[in-house]
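Source file: model-v6.pdb; contents: PDB, C-alpha atoms, pLDDT in the B column.
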```
ATOM      1  CA  MET A  19       9.009 202.447-125.282  1.00 48.00           C
ATOM      2  CA  LYS A  20       6.610 204.870-126.963  1.00 56.00           C
ATOM      3  CA  ARG A  21       2.935 204.117-126.628  1.00 62.00           C
ATOM      4  CA  ALA A  22       1.755 201.598-129.240  1.00 65.00           C
ATOM      5  CA  PRO A  23      -0.840 202.799-131.755  1.00 70.00           C
ATOM      6  CA  LYS A  24      -4.363 201.818-130.785  1.00 75.00           C
ATOM      7  CA  HIS A  25      -4.610 199.245-133.594  1.00 78.00           C
ATOM      8  CA  PHE A  26      -1.518 197.309-132.477  1.00 83.00           C
ATOM      9  CA  ASP A  27      -3.477 195.159-129.977  1.00 81.00           C
ATOM     10  CA  ARG A  28      -5.852 194.085-132.771  1.00 86.00           C
ATOM     11  CA  ILE A  29      -2.891 193.154-134.994  1.00 86.00           C
ATOM     12  CA  VAL A  30      -1.500 191.038-132.138  1.00 83.00           C
ATOM     13  CA  ALA A  31      -4.939 189.423-131.636  1.00 83.00           C
ATOM     14  CA  PHE A  32      -5.074 188.602-135.374  1.00 86.00           C
ATOM     15  CA  TYR A  33      -1.616 187.019-135.172  1.00 84.00           C
ATOM     16  CA  ARG A  34      -2.479 184.926-132.100  1.00 80.00           C
ATOM     17  CA  ALA A  35      -5.801 183.754-133.551  1.00 83.00           C
ATOM     18  CA  ARG A  36      -4.483 182.852-137.011  1.00 84.00           C
ATOM     19  CA  ARG A  37      -0.816 182.066-136.228  1.00 81.00           C
ATOM     20  CA  ARG A  38       0.318 184.365-139.036  1.00 87.00           C
ATOM     21  CA  MET A  39       0.899 188.040-139.609  1.00 87.00           C
ATOM     22  CA  PRO A  40      -1.863 189.991-141.358  1.00 89.00           C
ATOM     23  CA  SER A  41      -1.265 191.259-144.883  1.00 88.00           C
ATOM     24  CA  HIS A  42      -1.202 194.996-145.584  1.00 87.00           C
ATOM     25  CA  ALA A  43      -4.801 194.724-146.804  1.00 89.00           C
ATOM     26  CA  GLU A  44      -5.815 192.963-143.566  1.00 90.00           C
ATOM     27  CA  ILE A  45      -4.003 195.610-141.502  1.00 88.00           C
ATOM     28  CA  ALA A  46      -5.939 198.295-143.399  1.00 90.00           C
ATOM     29  CA  GLU A  47      -9.173 196.476-142.537  1.00 91.00           C
ATOM     30  CA  ILE A  48      -8.169 196.025-138.866  1.00 88.00           C
ATOM     31  CA  ALA A  49      -7.265 199.723-138.566  1.00 87.00           C
ATOM     32  CA  GLY A  50     -10.208 200.961-140.621  1.00 88.00           C
ATOM     33  CA  LEU A  51      -7.919 202.564-143.204  1.00 87.00           C
ATOM     34  CA  LYS A  52      -8.889 203.110-146.837  1.00 88.00           C
ATOM     35  CA  SER A  53      -5.593 204.257-148.316  1.00 87.00           C
ATOM     36  CA  LYS A  54      -2.638 201.973-149.096  1.00 88.00           C
ATOM     37  CA  GLY A  55      -0.333 204.920-148.349  1.00 89.00           C
ATOM     38  CA  THR A  56      -1.794 205.415-144.867  1.00 88.00           C
ATOM     39  CA  THR A  57      -1.542 201.683-144.196  1.00 88.00           C
ATOM     40  CA  HIS A  58       2.074 201.729-145.363  1.00 89.00           C
ATOM     41  CA  LYS A  59       2.822 204.649-142.978  1.00 90.00           C
ATOM     42  CA  LEU A  60       1.209 202.762-140.070  1.00 87.00           C
ATOM     43  CA  VAL A  61       3.238 199.624-140.826  1.00 88.00           C
ATOM     44  CA  ASN A  62       6.469 201.656-141.104  1.00 88.00           C
ATOM     45  CA  ARG A  63       5.694 203.356-137.786  1.00 87.00           C
ATOM     46  CA  LEU A  64       5.158 199.975-136.111  1.00 86.00           C
ATOM     47  CA  VAL A  65       8.455 198.722-137.577  1.00 87.00           C
ATOM     48  CA  ASP A  66      10.284 201.886-136.420  1.00 86.00           C
ATOM     49  CA  MET A  67       8.881 201.368-132.921  1.00 83.00           C
ATOM     50  CA  GLY A  68      10.111 197.754-132.902  1.00 80.00           C
ATOM     51  CA  LEU A  69       6.576 196.389-132.633  1.00 82.00           C
ATOM     52  CA  LEU A  70       6.811 194.723-136.038  1.00 85.00           C
ATOM     53  CA  GLU A  71       9.863 193.471-137.899  1.00 85.00           C
ATOM     54  CA  ARG A  72      10.668 192.656-141.511  1.00 86.00           C
ATOM     55  CA  ASP A  73      12.646 189.748-142.885  1.00 83.00           C
ATOM     56  CA  GLY A  74      15.237 190.112-145.647  1.00 82.00           C
ATOM     57  CA  LYS A  75      12.495 190.124-148.292  1.00 84.00           C
ATOM     58  CA  GLY A  76      10.364 192.752-146.518  1.00 82.00           C
ATOM     59  CA  LYS A  77       7.774 190.298-145.177  1.00 86.00           C
ATOM     60  CA  LEU A  78       6.233 191.384-141.868  1.00 86.00           C
ATOM     61  CA  LEU A  79       7.200 189.447-138.754  1.00 84.00           C
ATOM     62  CA  PRO A  80       5.979 189.739-135.163  1.00 81.00           C
ATOM     63  CA  GLY A  81       8.182 191.979-133.021  1.00 78.00           C
ATOM     64  CA  ARG A  82       9.449 191.055-129.586  1.00 71.00           C
ATOM     65  CA  HIS A  83       6.407 192.642-127.901  1.00 69.00           C
ATOM     66  CA  PHE A  84       4.027 190.102-129.447  1.00 68.00           C
ATOM     67  CA  GLN A  85       4.922 187.716-126.644  1.00 66.00           C
ATOM     68  CA  ALA A  86       4.970 190.394-123.947  1.00 64.00           C
ATOM     69  CA  VAL A  87       3.212 189.649-120.670  1.00 61.00           C
ATOM     70  CA  GLN A  88       1.766 192.343-118.428  1.00 58.00           C
ATOM     71  CA  MET A  89       3.779 193.129-115.311  1.00 60.00           C
ATOM     72  CA  LEU A  90       1.286 194.082-112.632  1.00 56.00           C
ATOM     73  CA  GLY A  91       3.509 194.608-109.610  1.00 61.00           C
ATOM     74  CA  ALA A  92       5.014 192.524-106.842  1.00 63.00           C
ATOM     75  CA  VAL A  93       3.677 189.827-104.556  1.00 62.00           C
ATOM     76  CA  GLU A  94       4.674 189.312-100.922  1.00 67.00           C
ATOM     77  CA  ALA A  95       6.264 185.923-100.295  1.00 69.00           C
ATOM     78  CA  GLY A  96       6.515 186.536 -96.540  1.00 67.00           C
ATOM     79  CA  TRP A  97       3.605 187.770 -94.429  1.00 69.00           C
ATOM     80  CA  PRO A  98       0.415 188.549 -96.359  1.00 68.00           C
ATOM     81  CA  SER A  99      -0.120 192.176 -97.299  1.00 61.00           C
ATOM     82  CA  PRO A 100      -2.915 194.044 -99.079  1.00 64.00           C
ATOM     83  CA  ALA A 101      -2.829 193.315-102.805  1.00 57.00           C
ATOM     84  CA  GLU A 102      -2.747 196.184-105.228  1.00 59.00           C
ATOM     85  CA  GLU A 103      -2.867 195.521-108.920  1.00 56.00           C
ATOM     86  CA  GLU A 104      -1.364 198.173-111.129  1.00 56.00           C
ATOM     87  CA  LEU A 105      -0.117 197.785-114.684  1.00 54.00           C
ATOM     88  CA  LEU A 106       3.566 198.684-114.387  1.00 56.00           C
ATOM     89  CA  ASP A 107       4.791 197.643-117.805  1.00 61.00           C
ATOM     90  CA  THR A 108       4.868 194.761-120.221  1.00 63.00           C
ATOM     91  CA  MET A 109       7.764 192.387-120.525  1.00 63.00           C
ATOM     92  CA  SER A 110       8.765 189.854-123.121  1.00 68.00           C
ATOM     93  CA  LEU A 111      10.044 186.767-121.329  1.00 72.00           C
ATOM     94  CA  GLU A 112      12.434 186.171-124.211  1.00 74.00           C
ATOM     95  CA  GLU A 113      13.808 189.684-123.852  1.00 72.00           C
ATOM     96  CA  PHE A 114      14.161 189.219-120.073  1.00 74.00           C
ATOM     97  CA  LEU A 115      15.819 185.795-120.186  1.00 80.00           C
ATOM     98  CA  ILE A 116      17.829 185.733-123.414  1.00 77.00           C
ATOM     99  CA  GLU A 117      20.685 188.081-124.196  1.00 82.00           C
ATOM    100  CA  ARG A 118      22.129 186.200-127.193  1.00 81.00           C
ATOM    101  CA  PRO A 119      19.404 184.193-128.979  1.00 80.00           C
ATOM    102  CA  ASP A 120      21.811 182.544-131.442  1.00 83.00           C
ATOM    103  CA  ASN A 121      23.839 181.079-128.549  1.00 88.00           C
ATOM    104  CA  THR A 122      20.899 180.049-126.372  1.00 89.00           C
ATOM    105  CA  TYR A 123      18.986 176.782-126.248  1.00 90.00           C
ATOM    106  CA  ILE A 124      16.757 174.752-123.903  1.00 92.00           C
ATOM    107  CA  LEU A 125      17.431 171.327-122.389  1.00 94.00           C
ATOM    108  CA  ARG A 126      15.031 169.106-120.432  1.00 94.00           C
ATOM    109  CA  VAL A 127      16.438 167.973-117.081  1.00 95.00           C
ATOM    110  CA  GLN A 128      16.701 164.286-116.258  1.00 94.00           C
ATOM    111  CA  GLY A 129      17.899 163.076-112.882  1.00 94.00           C
ATOM    112  CA  ASP A 130      18.012 164.584-109.401  1.00 96.00           C
ATOM    113  CA  SER A 131      21.622 165.678-108.950  1.00 96.00           C
ATOM    114  CA  MET A 132      20.731 169.409-108.877  1.00 97.00           C
ATOM    115  CA  ILE A 133      17.617 169.375-106.688  1.00 96.00           C
ATOM    116  CA  GLU A 134      19.143 171.474-103.899  1.00 96.00           C
ATOM    117  CA  ALA A 135      19.800 174.164-106.520  1.00 96.00           C
ATOM    118  CA  GLY A 136      16.048 174.113-107.238  1.00 95.00           C
ATOM    119  CA  ILE A 137      16.425 172.204-110.512  1.00 96.00           C
ATOM    120  CA  MET A 138      14.055 169.234-110.577  1.00 96.00           C
ATOM    121  CA  PRO A 139      13.601 166.311-112.995  1.00 94.00           C
ATOM    122  CA  GLY A 140      11.340 167.460-115.829  1.00 93.00           C
ATOM    123  CA  ASP A 141      12.352 171.120-115.542  1.00 94.00           C
ATOM    124  CA  MET A 142      13.850 172.836-118.536  1.00 92.00           C
ATOM    125  CA  VAL A 143      17.035 174.864-118.350  1.00 94.00           C
ATOM    126  CA  LEU A 144      17.876 177.786-120.587  1.00 92.00           C
ATOM    127  CA  VAL A 145      21.577 177.594-121.379  1.00 92.00           C
ATOM    128  CA  GLU A 146      24.000 179.876-123.197  1.00 93.00           C
ATOM    129  CA  ARG A 147      27.084 178.671-125.022  1.00 93.00           C
ATOM    130  CA  GLY A 148      30.176 180.702-125.773  1.00 92.00           C
ATOM    131  CA  VAL A 149      30.393 182.443-122.403  1.00 92.00           C
ATOM    132  CA  PRO A 150      33.151 181.935-119.854  1.00 92.00           C
ATOM    133  CA  GLU A 151      32.228 179.788-116.870  1.00 93.00           C
ATOM    134  CA  GLY A 152      32.953 181.029-113.379  1.00 92.00           C
ATOM    135  CA  GLU A 153      33.370 179.414-109.996  1.00 94.00           C
ATOM    136  CA  GLY A 154      29.937 178.315-108.808  1.00 95.00           C
ATOM    137  CA  ASP A 155      28.200 178.540-112.191  1.00 96.00           C
ATOM    138  CA  ILE A 156      25.901 175.689-113.147  1.00 97.00           C
ATOM    139  CA  ILE A 157      27.248 174.325-116.403  1.00 96.00           C
ATOM    140  CA  ILE A 158      26.511 171.762-119.091  1.00 95.00           C
ATOM    141  CA  ALA A 159      29.680 169.743-119.661  1.00 94.00           C
ATOM    142  CA  GLU A 160      31.053 166.646-121.303  1.00 94.00           C
ATOM    143  CA  VAL A 161      33.289 164.912-118.800  1.00 94.00           C
ATOM    144  CA  ASP A 162      35.227 161.863-119.930  1.00 92.00           C
ATOM    145  CA  GLY A 163      32.769 161.272-122.769  1.00 91.00           C
ATOM    146  CA  GLU A 164      29.517 161.702-120.783  1.00 92.00           C
ATOM    147  CA  TRP A 165      27.243 164.739-120.488  1.00 95.00           C
ATOM    148  CA  THR A 166      26.103 166.255-117.211  1.00 95.00           C
ATOM    149  CA  MET A 167      24.850 169.425-115.514  1.00 96.00           C
ATOM    150  CA  LYS A 168      26.700 170.394-112.314  1.00 97.00           C
ATOM    151  CA  TYR A 169      28.312 173.260-110.436  1.00 97.00           C
ATOM    152  CA  TYR A 170      31.697 174.270-111.852  1.00 97.00           C
ATOM    153  CA  ARG A 171      34.285 174.275-109.046  1.00 96.00           C
ATOM    154  CA  LYS A 172      37.984 175.099-108.759  1.00 92.00           C
ATOM    155  CA  ARG A 173      40.009 174.261-105.666  1.00 89.00           C
ATOM    156  CA  GLY A 174      43.778 174.388-105.396  1.00 87.00           C
ATOM    157  CA  GLY A 175      44.185 174.722-109.144  1.00 84.00           C
ATOM    158  CA  ARG A 176      42.076 171.625-109.750  1.00 90.00           C
ATOM    159  CA  VAL A 177      38.739 171.737-111.606  1.00 94.00           C
ATOM    160  CA  PHE A 178      35.845 169.464-110.649  1.00 95.00           C
ATOM    161  CA  LEU A 179      32.065 169.264-110.949  1.00 96.00           C
ATOM    162  CA  GLU A 180      29.796 169.236-107.915  1.00 96.00           C
ATOM    163  CA  ALA A 181      26.194 168.087-107.620  1.00 96.00           C
ATOM    164  CA  ALA A 182      23.531 169.903-105.616  1.00 97.00           C
ATOM    165  CA  ASN A 183      22.487 166.648-103.968  1.00 96.00           C
ATOM    166  CA  PRO A 184      24.586 165.033-101.196  1.00 95.00           C
ATOM    167  CA  LYS A 185      24.045 161.518-102.540  1.00 96.00           C
ATOM    168  CA  TYR A 186      26.357 162.322-105.497  1.00 96.00           C
ATOM    169  CA  GLU A 187      30.140 162.519-105.213  1.00 95.00           C
ATOM    170  CA  PRO A 188      32.138 165.293-106.905  1.00 95.00           C
ATOM    171  CA  ILE A 189      33.324 164.474-110.416  1.00 95.00           C
ATOM    172  CA  PHE A 190      37.026 164.945-111.124  1.00 94.00           C
ATOM    173  CA  PRO A 191      37.768 164.586-114.849  1.00 93.00           C
ATOM    174  CA  GLU A 192      40.160 161.728-115.548  1.00 92.00           C
ATOM    175  CA  GLN A 193      40.814 162.591-119.193  1.00 91.00           C
ATOM    176  CA  GLU A 194      38.738 165.454-120.551  1.00 92.00           C
ATOM    177  CA  LEU A 195      36.342 168.192-119.457  1.00 94.00           C
ATOM    178  CA  ARG A 196      34.598 170.171-122.182  1.00 94.00           C
ATOM    179  CA  ILE A 197      32.205 172.883-121.064  1.00 95.00           C
ATOM    180  CA  ALA A 198      29.401 173.400-123.562  1.00 94.00           C
ATOM    181  CA  ALA A 199      27.209 176.038-121.898  1.00 94.00           C
ATOM    182  CA  VAL A 200      26.303 177.936-118.745  1.00 96.00           C
ATOM    183  CA  VAL A 201      22.792 177.610-117.263  1.00 96.00           C
ATOM    184  CA  ARG A 202      20.979 180.975-117.298  1.00 95.00           C
ATOM    185  CA  ALA A 203      17.466 180.078-116.097  1.00 93.00           C
ATOM    186  CA  VAL A 204      15.244 177.239-114.960  1.00 95.00           C
ATOM    187  CA  ILE A 205      11.775 176.889-116.475  1.00 92.00           C
ATOM    188  CA  ARG A 206       9.095 174.962-114.623  1.00 92.00           C
ATOM    189  CA  LYS A 207       5.438 174.758-115.550  1.00 87.00           C
ATOM    190  CA  TYR A 208       2.975 173.940-112.776  1.00 85.00           C
TER
END
```
Could I get this structure in the form of structure tokens?
Amino acid sequence: MKRAPKHFDRIVAFYRARRRMPSHAEIAEIAGLKSKGTTHKLVNRLVDMGLLERDGKGKLLPGRHFQAVQMLGAVEAGWPSPAEEELLDTMSLEEFLIERPDNTYILRVQGDSMIEAGIMPGDMVLVERGVPEGEGDIIIAEVDGEWTMKYYRKRGGRVFLEAANPKYEPIFPEQELRIAAVVRAVIRKY
């Protein structure tokens, strides 16, 4: 991505503080511009860079980088090592996690059948519908009229659902198995 104009951070700060996009007049004030033409050029440049977007009526919308978080480097999860903080890039979590926004939604997890997969009660899962499931995928499915989240398994031509908790038995559909979505990510807030 090209470097954002110096006024972009102040436009983002305006948006976060007021929960709305600034008008062209407010952008002119933020950027210290006097001319409507210069303000229009700045806005068009930000749109061309993907930093701002427009709806069907031309109204300004926040671009995907409005929710970007700084990526500072890596952290050692093994033995401690000297920490070095360096701004590597920025990343939008939505851009990182979601490939097809129209087919993606979030569900809150209830129950403990997937705890050994690291999915705990109260977590949220990001799921995508309309994608083919594969052996070992964690799926959201309706099995014999009830909804569940389990591993998708195939053995000997037979499909079944498997929990990630030994206290639960595998589920073999008796009448119907309808797969609604595939789990793409787990979200947990500490």
*Please evaluate the PyMOL selection byres ((chain A and resi 165) around 12) against the displayed coordinates and give the resulting residues as JSON, numbers by chain.*
{"A": [125, 127, 128, 157, 158, 159, 160, 161, 162, 163, 164, 166, 167, 168, 179, 189, 191, 194, 195, 196, 197, 198, 199]}
Go ahead and dump the residues you just picked, C-alpha atoms, as a CSV table (one decimal), keeping the file's coordinate frame.
```
chain,number,residue,atom,x,y,z
A,125,LEU,CA,17.4,171.3,-122.4
A,127,VAL,CA,16.4,168.0,-117.1
A,128,GLN,CA,16.7,164.3,-116.3
A,157,ILE,CA,27.2,174.3,-116.4
A,158,ILE,CA,26.5,171.8,-119.1
A,159,ALA,CA,29.7,169.7,-119.7
A,160,GLU,CA,31.1,166.6,-121.3
A,161,VAL,CA,33.3,164.9,-118.8
A,162,ASP,CA,35.2,161.9,-119.9
A,163,GLY,CA,32.8,161.3,-122.8
A,164,GLU,CA,29.5,161.7,-120.8
A,166,THR,CA,26.1,166.3,-117.2
A,167,MET,CA,24.8,169.4,-115.5
A,168,LYS,CA,26.7,170.4,-112.3
A,179,LEU,CA,32.1,169.3,-110.9
A,189,ILE,CA,33.3,164.5,-110.4
A,191,PRO,CA,37.8,164.6,-114.8
A,194,GLU,CA,38.7,165.5,-120.6
A,195,LEU,CA,36.3,168.2,-119.5
A,196,ARG,CA,34.6,170.2,-122.2
A,197,ILE,CA,32.2,172.9,-121.1
A,198,ALA,CA,29.4,173.4,-123.6
A,199,ALA,CA,27.2,176.0,-121.9
```
*So what does the PyMOL selection byres ((chain A and resi 151-153) around 9) actually pick up in this one, as a count of residues only?*
13
Counting only C-alpha atoms, what is within 12 Å of Tyr208 of chain A, bar same-chain residues fewer than 2 positions away, as a PDB file with C-alpha atoms, keeping the file's coordinate frame?
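File selection.pdb, as written:
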```pdb
ATOM      1  CA  GLY A 140      11.340 167.460-115.829  1.00 93.00           C
ATOM      2  CA  ASP A 141      12.352 171.120-115.542  1.00 94.00           C
ATOM      3  CA  ILE A 205      11.775 176.889-116.475  1.00 92.00           C
ATOM      4  CA  ARG A 206       9.095 174.962-114.623  1.00 92.00           C
TER       5      ARG A 206
END
```
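Using all atoms listed in the file, the shortest contact distance between Val145 of chain A and any of A:Pro119, A:Gly81, A:Pro40, A:Gly129 is found at A:Pro119.
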*List the residues selected by the PyMOL selection byres ((chain A and resi 58) around 12) in the file shown, writing them as JSON, numbers by chain.*
{"A": [41, 42, 43, 44, 45, 46, 49, 51, 52, 53, 54, 55, 56, 57, 59, 60, 61, 62, 63, 64, 65, 78]}
Would you save the residues of that selection, restricted to C-alpha atoms, as a JSON list (two decimals), in the frame of the given file?
```json
[["chain", "number", "residue", "atom", "x", "y", "z"],
["A", 41, "SER", "CA", -1.26, 191.26, -144.88],
["A", 42, "HIS", "CA", -1.20, 195.00, -145.58],
["A", 43, "ALA", "CA", -4.80, 194.72, -146.80],
["A", 44, "GLU", "CA", -5.82, 192.96, -143.57],
["A", 45, "ILE", "CA", -4.00, 195.61, -141.50],
["A", 46, "ALA", "CA", -5.94, 198.30, -143.40],
["A", 49, "ALA", "CA", -7.26, 199.72, -138.57],
["A", 51, "LEU", "CA", -7.92, 202.56, -143.20],
["A", 52, "LYS", "CA", -8.89, 203.11, -146.84],
["A", 53, "SER", "CA", -5.59, 204.26, -148.32],
["A", 54, "LYS", "CA", -2.64, 201.97, -149.10],
["A", 55, "GLY", "CA", -0.33, 204.92, -148.35],
["A", 56, "THR", "CA", -1.79, 205.42, -144.87],
["A", 57, "THR", "CA", -1.54, 201.68, -144.20],
["A", 59, "LYS", "CA", 2.82, 204.65, -142.98],
["A", 60, "LEU", "CA", 1.21, 202.76, -140.07],
["A", 61, "VAL", "CA", 3.24, 199.62, -140.83],
["A", 62, "ASN", "CA", 6.47, 201.66, -141.10],
["A", 63, "ARG", "CA", 5.69, 203.36, -137.79],
["A", 64, "LEU", "CA", 5.16, 199.98, -136.11],
["A", 65, "VAL", "CA", 8.46, 198.72, -137.58],
["A", 78, "LEU", "CA", 6.23, 191.38, -141.87]]
```
*asked:* What's the separation between atom CA of Met39 of chain A and atom CA of Gly74 of chain A, in Å to one decimal place?
replied: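 Computing it gives 15.7 Å between the two atoms.
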*Could you work out how far atom CA of Arg72 of chain A lies from atom CA of His25 of chain A, giving the answer in Å with one decimal?*
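So the two atoms, atom CA of His25 of chain A and atom CA of Arg72 of chain A, lie 18.4 Å apart.
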*asked:* When you count only C-alpha atoms, which of these residues is closest to Ile116 of chain A: A:Val204, A:Val30, A:Leu144, A:Met138?
replied: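 Ranking A:Val204, A:Val30, A:Leu144, A:Met138 by distance to Ile116 of chain A, first place goes to A:Leu144.
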Shell around Pro184 of chain A at 10 Å using all atoms listed in the file, local window under 4 positions removed, as a PDB file with C-alpha atoms, in the frame of the given file:
```pdb
ATOM      1  CA  SER A 131      21.622 165.678-108.950  1.00 96.00           C
ATOM      2  CA  MET A 132      20.731 169.409-108.877  1.00 97.00           C
ATOM      3  CA  ILE A 133      17.617 169.375-106.688  1.00 96.00           C
ATOM      4  CA  GLU A 134      19.143 171.474-103.899  1.00 96.00           C
ATOM      5  CA  GLU A 180      29.796 169.236-107.915  1.00 96.00           C
ATOM      6  CA  PRO A 188      32.138 165.293-106.905  1.00 95.00           C
TER       7      PRO A 188
END
```
_Rounded to one decimal, what separation in Å do you get between atom CA of Ala135 of chain A and atom CA of Ala182 of chain A?_
5.7 Å
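Using all atoms listed in the file, the nearest neighbour of Gly50 of chain A within the list A:Arg176, A:Arg202, A:Arg28, A:Arg118 is A:Arg28.
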